[in-house]
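Structure file final-v2.cif with mmCIF, C-alpha atoms:
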```cif
data_final
#
loop_
_atom_site.group_PDB
_atom_site.id
_atom_site.type_symbol
_atom_site.label_atom_id
_atom_site.label_comp_id
_atom_site.auth_asym_id
_atom_site.auth_seq_id
_atom_site.Cartn_x
_atom_site.Cartn_y
_atom_site.Cartn_z
ATOM 1 C CA MET A 230 299.362 157.145 102.518
ATOM 2 C CA LEU A 231 297.091 154.311 101.404
ATOM 3 C CA HIS A 232 295.470 156.227 98.533
ATOM 4 C CA ARG A 233 292.099 154.561 98.864
ATOM 5 C CA LYS A 234 288.543 155.552 99.724
ATOM 6 C CA THR A 235 287.639 152.808 102.210
ATOM 7 C CA ASP A 236 287.657 152.552 105.976
ATOM 8 C CA TYR A 237 291.215 152.563 107.170
ATOM 9 C CA PHE A 238 291.906 149.576 109.382
ATOM 10 C CA PRO A 239 288.242 148.769 110.057
ATOM 11 C CA GLY A 240 289.052 146.023 112.593
ATOM 12 C CA LEU A 241 291.397 148.200 114.627
ATOM 13 C CA LEU A 242 289.742 149.588 117.755
ATOM 14 C CA THR A 243 292.664 150.429 120.037
ATOM 15 C CA ILE A 244 296.318 151.386 119.800
ATOM 16 C CA LEU A 245 298.176 150.711 123.038
ATOM 17 C CA VAL A 246 301.623 152.226 123.529
ATOM 18 C CA TYR A 247 304.026 151.015 126.215
ATOM 19 C CA PRO A 248 307.030 153.171 127.149
ATOM 20 C CA LEU A 249 309.557 150.417 126.365
ATOM 21 C CA SER A 250 309.511 146.808 125.255
ATOM 22 C CA TYR A 251 307.014 144.658 127.105
ATOM 23 C CA MET A 252 306.680 141.032 128.117
ATOM 24 C CA VAL A 253 303.905 138.617 127.114
ATOM 25 C CA GLU A 254 303.144 134.998 127.840
ATOM 26 C CA ALA A 255 303.145 133.345 124.454
ATOM 27 C CA LYS A 256 304.007 130.281 122.463
ATOM 28 C CA ARG A 257 305.633 130.169 119.087
ATOM 29 C CA GLN A 258 306.367 127.420 116.650
ATOM 30 C CA ILE A 259 310.082 126.818 116.210
ATOM 31 C CA ALA A 260 309.852 123.658 114.076
ATOM 32 C CA GLU A 261 307.130 121.615 112.406
ATOM 33 C CA HIS A 262 305.985 119.853 115.594
ATOM 34 C CA LEU A 263 307.936 121.867 118.152
ATOM 35 C CA TRP A 264 306.581 124.836 120.120
ATOM 36 C CA GLU A 265 308.269 127.104 122.628
ATOM 37 C CA GLU A 266 306.219 128.561 125.484
ATOM 38 C CA GLY A 267 307.197 131.272 127.924
ATOM 39 C CA THR A 268 307.594 134.951 128.512
ATOM 40 C CA MET A 269 308.687 136.811 125.413
ATOM 41 C CA ASN A 270 309.954 140.338 124.939
ATOM 42 C CA ARG A 271 308.000 142.351 122.348
ATOM 43 C CA LEU A 272 308.361 145.682 120.559
ATOM 44 C CA GLY A 273 304.968 145.524 118.883
ATOM 45 C CA GLU A 274 302.168 143.203 117.921
ATOM 46 C CA THR A 275 298.751 143.125 116.410
ATOM 47 C CA GLY A 276 296.198 140.470 115.732
ATOM 48 C CA ARG A 277 293.267 140.115 113.432
ATOM 49 C CA ARG A 278 290.893 139.145 116.229
ATOM 50 C CA MET A 279 292.208 141.290 119.063
ATOM 51 C CA GLY A 280 291.112 144.657 117.617
ATOM 52 C CA SER A 281 294.202 146.310 118.993
ATOM 53 C CA LEU A 282 297.714 147.167 117.992
ATOM 54 C CA VAL A 283 300.452 147.381 120.628
ATOM 55 C CA LEU A 284 303.675 149.345 120.215
ATOM 56 C CA SER A 285 306.751 150.073 122.302
ATOM 57 C CA TRP A 286 307.333 153.843 122.276
ATOM 58 C CA GLY A 287 311.071 153.168 122.485
ATOM 59 C CA ALA A 288 310.875 151.073 119.317
ATOM 60 C CA VAL A 289 308.724 153.707 117.602
ATOM 61 C CA LYS A 290 311.330 156.398 118.342
ATOM 62 C CA HIS A 291 314.169 154.102 117.294
ATOM 63 C CA GLY A 292 312.446 153.372 113.972
ATOM 64 C CA ALA A 293 311.882 157.088 113.350
ATOM 65 C CA ALA A 294 315.466 158.015 114.258
ATOM 66 C CA ASP A 295 316.868 156.346 111.147
ATOM 67 C CA PRO A 296 314.239 156.445 108.393
ATOM 68 C CA SER A 297 316.416 154.424 106.021
ATOM 69 C CA ASP A 298 317.461 151.432 108.127
ATOM 70 C CA GLY A 299 314.563 149.245 106.972
ATOM 71 C CA LYS A 300 313.280 148.737 110.516
ATOM 72 C CA ASN A 301 310.084 150.470 111.571
ATOM 73 C CA VAL A 302 307.701 148.830 114.042
ATOM 74 C CA VAL A 303 304.844 151.194 113.079
ATOM 75 C CA LEU A 304 305.052 150.274 109.387
ATOM 76 C CA HIS A 305 305.458 146.616 110.324
ATOM 77 C CA GLU A 306 302.421 146.371 112.600
ATOM 78 C CA PHE A 307 300.156 148.435 110.354
ATOM 79 C CA ALA A 308 301.196 146.192 107.439
ATOM 80 C CA HIS A 309 299.779 143.310 109.469
ATOM 81 C CA GLN A 310 296.548 145.274 109.837
ATOM 82 C CA LEU A 311 296.369 145.602 106.047
ATOM 83 C CA ASP A 312 297.019 141.876 105.715
ATOM 84 C CA PHE A 313 294.156 141.094 108.135
ATOM 85 C CA GLU A 314 291.560 143.083 106.181
ATOM 86 C CA ASN A 315 290.667 139.929 104.222
ATOM 87 C CA ASP A 316 290.312 137.960 107.482
ATOM 88 C CA ALA A 317 293.524 136.016 106.926
ATOM 89 C CA ALA A 318 297.096 136.387 108.138
ATOM 90 C CA ASP A 319 298.627 135.200 104.895
ATOM 91 C CA GLY A 320 300.664 138.090 103.516
ATOM 92 C CA VAL A 321 297.993 138.908 100.936
ATOM 93 C CA PRO A 322 296.106 142.148 101.557
ATOM 94 C CA VAL A 323 292.806 142.951 99.871
ATOM 95 C CA LEU A 324 293.486 143.332 96.146
ATOM 96 C CA ALA A 325 290.966 144.696 93.650
ATOM 97 C CA THR A 326 291.101 142.087 90.890
ATOM 98 C CA ARG A 327 291.855 138.432 90.368
ATOM 99 C CA GLU A 328 294.680 139.456 88.037
ATOM 100 C CA GLN A 329 296.279 141.494 90.838
ATOM 101 C CA GLN A 330 295.892 138.565 93.248
ATOM 102 C CA LEU A 331 297.609 136.173 90.844
ATOM 103 C CA ALA A 332 300.494 138.570 90.149
ATOM 104 C CA TRP A 333 300.878 139.277 93.877
ATOM 105 C CA THR A 334 300.890 135.592 94.801
ATOM 106 C CA ASP A 335 303.432 134.713 92.102
ATOM 107 C CA VAL A 336 305.896 137.432 93.110
ATOM 108 C CA MET A 337 305.466 137.061 96.868
ATOM 109 C CA ARG A 338 305.807 133.280 96.792
ATOM 110 C CA SER A 339 309.047 133.521 94.798
ATOM 111 C CA GLU A 340 310.510 136.322 96.929
ATOM 112 C CA PHE A 341 309.519 134.589 100.185
ATOM 113 C CA ALA A 342 311.211 131.374 99.029
ATOM 114 C CA SER A 343 314.361 133.345 98.143
ATOM 115 C CA LEU A 344 314.444 134.978 101.588
ATOM 116 C CA ARG A 345 313.971 131.626 103.313
ATOM 117 C CA ALA A 346 316.804 130.102 101.274
ATOM 118 C CA ALA A 347 319.086 133.046 102.051
ATOM 119 C CA ASP A 348 318.216 132.825 105.749
ATOM 120 C CA GLU A 349 318.889 129.080 105.880
ATOM 121 C CA SER A 350 322.229 129.442 104.110
ATOM 122 C CA GLY A 351 323.334 132.566 105.991
ATOM 123 C CA VAL A 352 323.491 134.769 102.895
ATOM 124 C CA PRO A 353 323.106 138.471 103.795
ATOM 125 C CA THR A 354 319.873 140.026 102.559
ATOM 126 C CA LEU A 355 318.351 143.460 102.220
ATOM 127 C CA LEU A 356 315.112 142.213 103.773
ATOM 128 C CA ASP A 357 315.052 141.424 107.470
ATOM 129 C CA THR A 358 315.240 137.644 107.764
ATOM 130 C CA TYR A 359 312.408 137.763 110.306
ATOM 131 C CA GLY A 360 310.335 137.877 107.122
ATOM 132 C CA ALA A 361 311.381 134.262 106.463
ATOM 133 C CA THR A 362 309.147 133.220 109.389
ATOM 134 C CA ASP A 363 305.960 133.084 107.310
ATOM 135 C CA PRO A 364 304.189 134.975 104.486
ATOM 136 C CA ALA A 365 302.533 137.448 106.895
ATOM 137 C CA GLU A 366 305.905 138.479 108.350
ATOM 138 C CA PHE A 367 307.380 138.572 104.854
ATOM 139 C CA PHE A 368 304.749 141.112 103.801
ATOM 140 C CA ALA A 369 305.395 143.224 106.917
ATOM 141 C CA VAL A 370 309.190 143.369 106.480
ATOM 142 C CA SER A 371 308.721 144.050 102.759
ATOM 143 C CA VAL A 372 306.564 147.067 103.618
ATOM 144 C CA GLU A 373 309.294 148.317 105.966
ATOM 145 C CA ALA A 374 311.886 148.058 103.183
ATOM 146 C CA PHE A 375 309.516 149.571 100.607
ATOM 147 C CA PHE A 376 309.102 152.783 102.567
ATOM 148 C CA GLU A 377 312.516 152.954 104.265
ATOM 149 C CA GLN A 378 314.864 151.556 101.602
ATOM 150 C CA PRO A 379 313.019 152.094 98.317
ATOM 151 C CA HIS A 380 316.089 152.512 96.087
ATOM 152 C CA ALA A 381 317.731 149.341 97.365
ATOM 153 C CA LEU A 382 314.487 147.347 97.247
ATOM 154 C CA ARG A 383 313.812 148.476 93.681
ATOM 155 C CA ALA A 384 317.378 147.559 92.659
ATOM 156 C CA HIS A 385 317.556 144.148 94.407
ATOM 157 C CA HIS A 386 313.907 143.053 94.225
ATOM 158 C CA PRO A 387 312.300 144.886 91.280
ATOM 159 C CA LYS A 388 309.234 142.620 91.021
ATOM 160 C CA LEU A 389 308.543 142.862 94.752
ATOM 161 C CA TYR A 390 308.986 146.628 94.586
ATOM 162 C CA ALA A 391 306.576 146.841 91.646
ATOM 163 C CA GLU A 392 303.881 144.840 93.459
ATOM 164 C CA LEU A 393 304.143 147.064 96.541
ATOM 165 C CA ARG A 394 304.182 150.207 94.376
ATOM 166 C CA ASN A 395 300.995 149.036 92.665
ATOM 167 C CA TYR A 396 299.323 148.102 95.945
ATOM 168 C CA PHE A 397 300.154 151.376 97.728
ATOM 169 C CA GLN A 398 299.613 153.406 94.532
ATOM 170 C CA GLN A 399 302.792 155.376 95.085
ATOM 171 C CA ASP A 400 306.500 155.261 94.433
ATOM 172 C CA PRO A 401 308.564 156.084 97.553
ATOM 173 C CA VAL A 402 311.696 156.434 95.406
ATOM 174 C CA GLU A 403 310.183 159.750 94.323
ATOM 175 C CA PHE A 404 310.001 161.165 97.853
ATOM 176 C CA SER A 405 312.898 159.418 99.596
ATOM 177 C CA ALA A 406 315.694 161.400 101.207
ATOM 178 C CA GLU A 407 318.125 159.852 98.707
ATOM 179 C CA SER A 408 316.050 161.173 95.786
ATOM 180 C CA PHE A 409 315.795 164.582 97.423
ATOM 181 C CA GLY A 410 319.585 164.696 97.698
ATOM 182 C CA GLU A 411 319.905 163.804 94.003
ATOM 183 C CA GLU A 412 317.483 166.612 93.072
ATOM 184 C CA GLN A 413 319.430 169.109 95.180
ATOM 185 C CA ARG A 414 322.737 168.124 93.547
ATOM 186 C CA SER A 415 321.306 168.333 90.036
ATOM 187 C CA SER A 416 319.771 171.777 90.622
ATOM 188 C CA SER A 417 323.036 173.280 91.936
#
```

Could you quickly redo this structure as structure tokens?
Amino acid sequence: MLHRKTDYFPGLLTILVYPLSYMVEAKRQIAEHLWEEGTMNRLGETGRRMGSLVLSWGAVKHGAADPSDGKNVVLHEFAHQLDFENDAADGVPVLATREQQLAWTDVMRSEFASLRAADESGVPTLLDTYGATDPAEFFAVSVEAFFEQPHALRAHHPKLYAELRNYFQQDPVEFSAESFGEEQRSSS
């Protein structure tokens, strides 16, 4: 799926799967100088230093049940693994050239700002507004939409779609269920 000849997820040592959602003690920033601590319910998580990826089997099955809803915890967490390959959680995976990095940064910064503005104003969006949290989450929800809602992403966010298409070296519009249905109708 990644179309590359390198180690896949070199920092990933373990994949842990819980039957359902699970609870963790954590803290999260909810404003500039405000943090919330406590027990939080999770469906999946990964970290660049932890060497493991954790998934809820219930969430995995739910994501697979509707492959076009734009929500897939497996795609989301493995997108974070791709992001971490350059030792940063910044929404920028390893890119081959400086030109690719500049194009990526320009598009992602603009699209992230648009999602944040839509989230703050309550405007409905194709992308999950969890992506407005930070650039790393933006990349992860964009990957979910790229593989699960390629037609809509290409139509509503063509530059974002193009960057992801270039990065993954594939065009999911070509193999999506929607495209398959179009091919079936045109051949009958």

Legend entry - Nearest-residue call for Met337 (chain A), choices A:Lys290, A:Lys388, A:His380, A:His305, using all atoms listed in the file: A:Lys388

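Among A:Ala288, A:Thr268, A:Pro364, A:Thr275, the residue with the shortest atom-to-atom distance to Tyr247 (chain A), counting all atoms listed in the file, is A:Ala288.
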
Phe368 (chain A) environment, 12 Å, only C-alpha atoms, sequence neighbours closer than 4 positions dropped, as a compact mmCIF listing (two decimals) with C-alpha atoms, in the frame of the given file:
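Now in part35.txt:
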```txt
# COMPACT_ATOMS: atom_id res chain seq x y z
CA LEU A 304 305.05 150.27 109.39
CA HIS A 305 305.46 146.62 110.32
CA GLU A 306 302.42 146.37 112.60
CA PHE A 307 300.16 148.44 110.35
CA ALA A 308 301.20 146.19 107.44
CA HIS A 309 299.78 143.31 109.47
CA GLN A 310 296.55 145.27 109.84
CA LEU A 311 296.37 145.60 106.05
CA ASP A 312 297.02 141.88 105.72
CA PHE A 313 294.16 141.09 108.14
CA ALA A 318 297.10 136.39 108.14
CA ASP A 319 298.63 135.20 104.90
CA GLY A 320 300.66 138.09 103.52
CA VAL A 321 297.99 138.91 100.94
CA PRO A 322 296.11 142.15 101.56
CA TRP A 333 300.88 139.28 93.88
CA THR A 334 300.89 135.59 94.80
CA VAL A 336 305.90 137.43 93.11
CA MET A 337 305.47 137.06 96.87
CA ARG A 338 305.81 133.28 96.79
CA GLU A 340 310.51 136.32 96.93
CA PHE A 341 309.52 134.59 100.18
CA LEU A 344 314.44 134.98 101.59
CA LEU A 356 315.11 142.21 103.77
CA ASP A 357 315.05 141.42 107.47
CA THR A 358 315.24 137.64 107.76
CA TYR A 359 312.41 137.76 110.31
CA GLY A 360 310.33 137.88 107.12
CA ALA A 361 311.38 134.26 106.46
CA THR A 362 309.15 133.22 109.39
CA ASP A 363 305.96 133.08 107.31
CA PRO A 364 304.19 134.98 104.49
CA VAL A 372 306.56 147.07 103.62
CA GLU A 373 309.29 148.32 105.97
CA ALA A 374 311.89 148.06 103.18
CA PHE A 375 309.52 149.57 100.61
CA LEU A 389 308.54 142.86 94.75
CA TYR A 390 308.99 146.63 94.59
CA GLU A 392 303.88 144.84 93.46
CA LEU A 393 304.14 147.06 96.54
CA TYR A 396 299.32 148.10 95.94
```

Inset, instruction - Apply the PyMOL selection byres ((chain A and resi 241) around 9) to the file shown and report the selected residues as a PyMOL selection string. - result: chain A and resi 237-240+242-244+277+279-282+310

Inset, instruction - List the residues matched by the PyMOL selection byres ((chain A and resi 246) around 8) in the displayed structure as number ranges by chain, ordered by chain and then by residue number. - result: A: 244-245, 247-248, 283-286
